[in-house]
Structure formats: C-alpha cells, structure tokens
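Enquirer: Got upload_7.txt for you, compact mmCIF, C-alpha atoms and all ligand atoms:
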# COMPACT_ATOMS: atom_id res chain seq x y z
CA MET A 546 -7.44 -2.49 -20.37
CA LEU A 547 -8.13 0.42 -18.04
CA ASP A 548 -10.38 3.06 -19.57
CA ARG A 549 -9.49 6.70 -18.90
CA PHE A 550 -5.92 5.71 -17.98
CA ILE A 551 -3.32 7.34 -20.26
CA VAL A 552 0.38 6.58 -19.99
CA PHE A 553 3.51 8.27 -21.31
CA GLU A 554 6.71 6.27 -21.68
CA GLY A 555 10.18 7.01 -22.97
CA LEU A 556 13.84 7.17 -22.04
CA ASP A 557 15.11 9.68 -19.49
CA GLY A 558 15.05 13.02 -21.28
CA ALA A 559 12.40 11.88 -23.79
CA GLY A 560 9.89 14.41 -22.46
CA THR A 561 7.33 12.25 -20.63
CA THR A 562 6.98 14.81 -17.83
CA THR A 563 6.56 17.75 -20.23
CA GLN A 564 3.97 15.95 -22.36
CA SER A 565 1.96 14.42 -19.52
CA THR A 566 1.84 17.79 -17.76
CA GLU A 567 0.64 19.53 -20.92
CA LEU A 568 -2.05 16.91 -21.60
CA VAL A 569 -3.40 17.28 -18.06
CA ARG A 570 -3.47 21.06 -18.49
CA ARG A 571 -5.47 20.74 -21.70
CA LEU A 572 -7.88 18.16 -20.29
CA ARG A 573 -8.57 20.33 -17.25
CA ALA A 574 -9.09 23.34 -19.51
CA ILE A 575 -12.03 21.53 -21.17
CA GLY A 576 -13.47 20.62 -17.77
CA SER A 577 -12.25 17.03 -17.44
CA SER A 578 -11.58 15.88 -13.88
CA CYS A 579 -8.10 14.62 -14.40
CA ASP A 580 -5.13 13.63 -12.21
CA HIS A 581 -1.45 13.79 -13.07
CA ASP A 582 0.32 10.78 -11.57
CA CYS A 583 3.85 9.51 -11.85
CA GLU A 584 5.83 6.34 -11.24
CA PRO A 585 7.77 6.01 -9.08
CA THR A 586 4.94 7.50 -7.01
CA GLU A 587 5.16 10.06 -4.24
CA GLY A 588 4.02 7.37 -1.77
CA ILE A 589 6.16 5.53 0.80
CA LEU A 590 7.51 2.99 -1.68
CA GLY A 591 8.12 5.50 -4.44
CA THR A 592 9.99 7.71 -1.98
CA GLN A 593 12.32 4.83 -1.11
CA ILE A 594 12.87 4.10 -4.81
CA ARG A 595 13.92 7.71 -5.44
CA ARG A 596 16.45 7.48 -2.62
CA VAL A 597 18.00 4.47 -4.34
CA LEU A 598 17.97 6.28 -7.70
CA ARG A 599 19.79 9.22 -6.11
CA GLY A 600 22.41 6.84 -4.74
CA GLU A 601 21.52 7.50 -1.08
CA GLU A 602 20.66 3.83 -0.52
CA SER A 603 21.71 0.69 -2.30
CA LEU A 604 19.55 -2.33 -3.22
CA HIS A 605 20.13 -5.42 -5.32
CA PRO A 606 18.77 -4.53 -8.81
CA CYS A 607 16.11 -7.24 -8.59
CA THR A 608 15.01 -6.08 -5.15
CA LEU A 609 14.61 -2.66 -6.73
CA ALA A 610 12.55 -4.26 -9.51
CA LEU A 611 10.23 -5.78 -6.88
CA LEU A 612 9.98 -2.42 -5.14
CA PHE A 613 8.96 -0.74 -8.43
CA ALA A 614 6.30 -3.45 -8.88
CA ALA A 615 5.07 -3.01 -5.29
CA ASP A 616 4.91 0.77 -5.75
CA ARG A 617 2.91 0.19 -8.95
CA HIS A 618 0.53 -2.20 -7.21
CA GLU A 619 -0.16 0.42 -4.57
CA HIS A 620 -0.49 3.09 -7.27
CA LEU A 621 -3.20 1.06 -8.98
CA HIS A 622 -4.95 -0.60 -6.09
CA ALA A 623 -4.62 1.63 -3.01
CA VAL A 624 -8.04 1.31 -1.45
CA GLU A 625 -8.98 4.97 -1.23
CA ASN A 626 -6.86 6.66 -3.81
CA GLY A 627 -5.65 4.07 -6.28
CA VAL A 628 -5.94 4.56 -10.02
CA VAL A 629 -8.69 1.92 -10.22
CA SER A 630 -10.90 3.55 -7.60
CA ARG A 631 -10.37 7.05 -9.00
CA ILE A 632 -11.31 5.82 -12.47
CA GLU A 633 -14.41 4.18 -11.04
CA ALA A 634 -15.24 7.55 -9.52
CA GLY A 635 -15.15 9.04 -13.04
CA ARG A 636 -11.69 10.59 -13.11
CA THR A 637 -9.15 10.41 -15.93
CA ILE A 638 -5.59 9.55 -14.91
CA VAL A 639 -2.52 10.58 -16.89
CA SER A 640 0.61 8.79 -15.71
CA ASP A 641 4.21 9.75 -16.32
CA ARG A 642 5.59 6.15 -16.67
CA TYR A 643 4.04 2.79 -15.82
CA VAL A 644 4.78 -0.93 -16.13
CA TYR A 645 6.62 -0.60 -19.48
CA SER A 646 9.39 1.36 -17.69
CA SER A 647 10.04 -1.62 -15.42
CA LEU A 648 10.03 -4.06 -18.31
CA ALA A 649 12.59 -1.92 -20.14
CA TYR A 650 14.82 -0.55 -17.34
CA GLN A 651 14.77 -3.42 -14.82
CA GLY A 652 14.79 -5.92 -17.67
CA VAL A 653 18.35 -4.84 -18.44
CA ALA A 654 19.68 -5.80 -15.01
CA CYS A 655 17.29 -8.58 -13.99
CA GLY A 656 16.28 -10.20 -17.26
CA GLY A 657 12.92 -10.21 -18.97
CA GLU A 658 11.50 -13.25 -17.20
CA PHE A 659 12.07 -11.89 -13.72
CA VAL A 660 10.45 -8.53 -14.45
CA ASP A 661 7.61 -10.13 -16.41
CA ARG A 662 6.77 -12.28 -13.41
CA ALA A 663 7.01 -9.38 -10.96
CA ASN A 664 4.74 -7.28 -13.17
CA SER A 665 2.17 -9.81 -14.32
CA GLY A 666 -1.41 -8.71 -13.99
CA PHE A 667 -1.07 -4.98 -14.55
CA PRO A 668 -3.64 -3.94 -17.17
CA HIS A 669 -2.79 -1.93 -20.27
CA PRO A 670 -3.90 1.70 -20.25
CA GLN A 671 -6.51 2.98 -22.70
CA LEU A 672 -3.77 4.93 -24.51
CA LEU A 673 -0.03 4.39 -24.42
CA PHE A 674 2.20 7.14 -25.81
CA PHE A 675 5.80 6.20 -26.45
CA LEU A 676 8.07 9.20 -26.99
CA ASP A 677 10.74 7.93 -29.30
CA VAL A 678 13.97 9.92 -28.92
CA PRO A 679 17.50 8.82 -29.88
CA VAL A 680 19.77 8.07 -26.94
CA SER A 681 22.19 10.80 -28.08
CA VAL A 682 19.44 13.45 -27.87
CA CYS A 683 18.29 12.16 -24.47
CA LEU A 684 21.85 12.38 -23.17
CA GLU A 685 22.16 15.99 -24.34
CA ARG A 686 18.92 16.90 -22.60
CA ILE A 687 19.90 15.09 -19.40
CA THR A 688 23.28 16.80 -19.35
CA ASP A 689 21.55 20.17 -19.82
CA ARG A 690 19.40 19.39 -16.80
CA GLY A 691 22.52 18.67 -14.78
CA ALA A 692 21.19 15.81 -12.66
CA ALA A 693 22.74 12.50 -13.60
CA GLU A 694 20.96 9.68 -11.78
CA LEU A 695 21.87 6.06 -11.57
CA PHE A 696 20.07 5.18 -14.80
CA GLU A 697 21.30 8.02 -16.89
CA LYS A 698 24.46 6.52 -18.25
CA GLU A 699 24.98 6.09 -21.93
CA HIS A 700 25.58 2.36 -22.22
CA PHE A 701 22.71 1.67 -19.88
CA LEU A 702 20.28 3.93 -21.77
CA THR A 703 21.30 2.27 -25.03
CA ALA A 704 20.38 -1.14 -23.59
CA VAL A 705 17.13 0.26 -22.19
CA ALA A 706 16.25 1.72 -25.61
CA GLU A 707 16.56 -1.70 -27.23
CA ARG A 708 14.35 -3.29 -24.60
CA TYR A 709 11.81 -0.49 -24.75
CA ALA A 710 11.33 -1.08 -28.49
CA GLU A 711 10.62 -4.77 -27.83
CA VAL A 712 8.40 -4.07 -24.83
CA ILE A 713 6.27 -1.55 -26.70
CA ASP A 714 5.95 -3.87 -29.72
CA ARG A 715 4.88 -6.68 -27.42
CA ALA A 716 2.30 -4.49 -25.68
CA GLU A 717 0.85 -3.65 -29.08
CA ARG A 718 0.69 -7.30 -30.11
CA ASP A 719 -1.04 -7.92 -26.80
CA GLY A 720 -3.80 -5.47 -27.76
CA ALA A 721 -2.59 -2.20 -26.22
CA VAL A 722 -3.36 0.98 -28.16
CA VAL A 723 0.14 2.34 -28.76
CA HIS A 724 1.13 5.65 -30.32
CA ARG A 725 4.83 6.04 -31.06
CA LEU A 726 5.67 9.71 -31.40
CA ASP A 727 8.84 11.27 -32.70
CA GLY A 728 9.89 12.91 -29.44
CA ALA A 729 12.84 14.78 -30.91
CA ARG A 730 10.48 17.40 -32.39
CA PRO A 731 9.58 20.64 -30.57
CA ALA A 732 7.40 19.97 -27.51
CA ASP A 733 4.50 22.06 -28.88
CA SER A 734 4.12 19.98 -31.99
CA ILE A 735 4.18 16.73 -29.98
CA ALA A 736 1.56 18.15 -27.60
CA GLU A 737 -0.68 18.98 -30.58
CA GLU A 738 -0.38 15.44 -31.90
CA VAL A 739 -1.15 13.96 -28.48
CA TRP A 740 -4.17 16.23 -28.18
CA ARG A 741 -5.50 15.20 -31.59
CA ILE A 742 -5.24 11.54 -30.63
CA VAL A 743 -6.86 12.03 -27.22
CA ALA A 744 -9.68 14.08 -28.74
CA GLU A 745 -10.46 11.21 -31.12
CA THR A 746 -10.59 8.67 -28.30
CA PRO A 747 -14.02 7.90 -26.87
CA ILE A 748 -14.55 8.48 -23.13
CA VAL A 749 -11.29 10.36 -22.62
CA SER A 750 -12.50 13.27 -24.69
CA MET A 751 -15.80 13.56 -22.82
P1 LIG B 1 11.39 9.92 -13.74
O1 LIG B 1 10.51 10.30 -12.62
O2 LIG B 1 10.84 9.97 -15.12
O3 LIG B 1 12.72 10.79 -13.70
P2 LIG B 1 12.91 12.29 -13.21
O4 LIG B 1 13.80 12.16 -12.01
O5 LIG B 1 13.58 12.95 -14.37
O6 LIG B 1 11.57 12.87 -12.91
O7 LIG B 1 11.88 8.43 -13.50
C1 LIG B 1 12.81 8.13 -12.57
C2 LIG B 1 13.67 7.00 -13.09
O8 LIG B 1 13.10 5.75 -12.73
C3 LIG B 1 13.87 6.96 -14.57
O9 LIG B 1 15.26 6.80 -14.81
C4 LIG B 1 13.18 5.69 -15.02
C5 LIG B 1 13.23 4.84 -13.80
N1 LIG B 1 12.17 3.83 -13.68
C6 LIG B 1 12.52 2.48 -13.69
O10 LIG B 1 13.70 2.13 -13.81
N2 LIG B 1 11.55 1.54 -13.54
C7 LIG B 1 10.24 1.86 -13.39
O11 LIG B 1 9.38 0.96 -13.27
C8 LIG B 1 9.89 3.25 -13.39
C9 LIG B 1 8.46 3.64 -13.22
C10 LIG B 1 10.89 4.20 -13.54
Written as structure tokens, that's how I'd like the structure from this file.
Expert:
Amino acid sequence: MLDRFIVFEGLDGAGTTTQSTELVRRLRAIGSSCDHDCEPTEGILGTQIRRVLRGEESLHPCTLALLFAADRHEHLHAVENGVVSRIEAGRTIVSDRYVYSSLAYQGVACGGEFVDRANSGFPHPQLLFFLDVPVSVCLERITDRGAAELFEKEHFLTAVAERYAEVIDRAERDGAVVHRLDGARPADSIAEEVWRIVAETPIVSM
C-alpha cells in the first residue's frame, strides 16, 4: 500500500475529476503539499493514449491495455517525478483514476487475465474512493458534456460497470481501504463526505 496516495475511480461521468480537484483544493487550503495527477497521464505515453481515445489513432485493444500499464508504470516510478519519489519527498498525491480503471475498462475487451498480468505489482493506494453512479446517469452527464469518446457508449459502459464492481470488491478483499460513495448525489455533499474520511485518515490529514 502506498501511503499518502489517494485514488478516485468511477465510470465516465461519475465525477472523479470534480471530486479529485475539490479534495486537492481542500488539502492545499490546510497547507498540505499535494499534487493532482491523472491517468492517462500528461506524459508521452498518456498523450498517445488520449489520441487513441479520441479516435485519431487505432491500436489493438490489448496493445492499448499494455500502453495504459506502461503509462501507469512511468506515473509511479519515473525517476525524478514519479508518485513514489514524490511521496518519499513528503507530498500527498491525489489521482484521478489508477489501475482499477484498466482492470475494469480493458478487462472488457482483453479479459481479466490479460489485464491482471499487465498490471501486476501496482500497489494499492492508502485510500480508494469509488464513485458509484448508475450508467443511465453517467450517460446523461456525458451527453451534456458533448464529447463522446471511444469508451462512452452505453453497452460498453454497462459491461465496464459490472467489472468495476468486481474489481473494487476484489481490491477490498485484497486489503485495500475502499470507500464506495453514492456519486449520484450533489457534488458538494460527496465532497463533504470525502473530506470527512480523509480528515480521519492518519498521515493524509497532517
Ligand atoms: P478521463 O481522463 O477520466 O476522461 P476525460 O476525458 O473525461 O477526462 O479518462 C479517459 C478515459 O480513459 C476514460 O474513458 C477511462 C479510460 N481509461 C481506461 O480505459 N483505462 C485506464 O487504465 C485508465 C486510467 C483510463
């Protein structure tokens, strides 16, 4: 488990970006040195992934799964700026998505075994927030946003939702500290709940 590493997961439209942004704002407001990261990252591999997601390039789904895993490896272990070295330097990292996204999304196209193998060895975060939102609500939010990416199709999201539930349960059985939040509520009330949980967690709240 990686101390001071906090992850938000959920379907497209579940609110991971809103909630991770708000948590970082609150942590900084109390003087915590805190970074807001995301996966796919803004690095060279993450940039290529986003091109595929936008439909500008095409890759075999399992090649894409490997690329997500490679991007994640760099995110964690980049020598100067990886999550691990920033945590060692005393920072708190809040990440919008992590390994559980790969297990859920890429699991649909590539199968669980393939993505498990590609993603073995990534540690659990200290806190894992899963924003639980029905597919129908996610689809409404995505449509409002107007940008339909490769993964934002109804049948696909339904399959991802089923896998996510299994993946999050498995993480919990494996010892991860999981908080499932009803993400269909107003963003403010979710942010309050997140903040209560973070404030009760040793190290993070310091
Ligand atoms: P995200 O950045 O949350 O979307 P947005 O464009 O709204 O900011 O995530 C991009 C997409 O990538 C999202 O559909 C989930 C998907 N994804 C995977 O399929 N596998 C992964 O390992 C990760 C991290 C994301």
Enquirer: Which is closer to A:Val653 than all the others in A:Gln593, A:Thr703, A:Thr562, A:Thr586, using all atoms listed in the file?
Expert: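 For A:Val653, the nearest of the candidates is A:Thr703.
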Enquirer: Please provide the set of residues having any atom within 7 Å of stretch 732-742 of chain A, restricted to only C-alpha atoms, with same-chain residues fewer than 3 positions apart removed, written as a ChimeraX atom specification.
Expert: /A:564,567-568,728,745-746
Enquirer: Keeping only C-alpha atoms, take the residues you just selected and write them out as a PDB file, keeping the file's coordinate frame.
Expert:
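Once everything was written out, this is result30.pdb:
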ATOM      1  CA  GLN A 564       3.970  15.950 -22.360  1.00  0.00           C
ATOM      2  CA  GLU A 567       0.640  19.530 -20.920  1.00  0.00           C
ATOM      3  CA  LEU A 568      -2.050  16.910 -21.600  1.00  0.00           C
ATOM      4  CA  GLY A 728       9.890  12.910 -29.440  1.00  0.00           C
ATOM      5  CA  GLU A 745     -10.460  11.210 -31.120  1.00  0.00           C
ATOM      6  CA  THR A 746     -10.590   8.670 -28.300  1.00  0.00           C
TER       7      THR A 746
END
Enquirer: If we count all atoms listed in the file and set the cut-off at 7 Å, which residues sit around A:Asp677, ignoring sequence neighbours fewer than 3 positions away in its own chain? Please answer as a list of chain:residue names.
Expert: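 Counting only the stated atoms, we get A:Gly555, A:Ala559, A:Arg725, A:Leu726, A:Asp727, A:Gly728.
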Enquirer: Taking only C-alpha atoms and all ligand atoms into account, name the residue in A:Ser578, A:Ser603, A:Ser565, A:Thr637 that is nearest to ligand LIG 1 (chain B).
Expert: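 Counting only C-alpha atoms and all ligand atoms, the residue closest to ligand LIG 1 (chain B) is A:Ser565.
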Enquirer: Taking only C-alpha atoms and all ligand atoms and a cut-off of 7 Å, can you tell me which residues surround ligand LIG 1 (chain B), written as a PyMOL selection string?
Expert: chain A and resi 557+561-562+583-585+598+613-614+641-647+650-651+696-697
Enquirer: Could you tell me which of A:Leu673, A:Ala710, A:Ala721, A:Ala623 comes closest to A:Ser640 if we count only C-alpha atoms?
Expert: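 Going through A:Leu673, A:Ala710, A:Ala721, A:Ala623 one by one, the smallest distance to A:Ser640 is for A:Leu673.
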Enquirer: What does the distance between atom CA of A:Ala615 and atom CA of A:His724 come to in Å, to one decimal place?
Expert: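 Atom-to-atom, atom CA of A:Ala615 and atom CA of A:His724 are spaced 26.8 Å apart.
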Enquirer: Between atom CA of A:His622 and atom CA of A:Leu590, what distance in Å does the model show, to one decimal?
Expert: 13.7 Å
Enquirer: Kindly give the distance, in Å, that separates atom CA of A:Asp548 and atom CA of A:Gln671, rounded to a single decimal.
Expert: 5.0 Å
Enquirer: Pick from A:Val678, A:Ala729, A:Leu609, A:Val705: nearest to A:Ala663, with all atoms listed in the file counted?
Expert: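 Checking each of A:Val678, A:Ala729, A:Leu609, A:Val705 against A:Ala663, counting all atoms listed in the file, the winner is A:Leu609.
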Enquirer: Tell me which of A:Gly558, A:Pro606, A:Pro670, A:Gly591 sits closest to A:Cys655, counting all atoms listed in the file.
Expert: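 Of the candidates, the smallest distance to A:Cys655 is held by A:Pro606.
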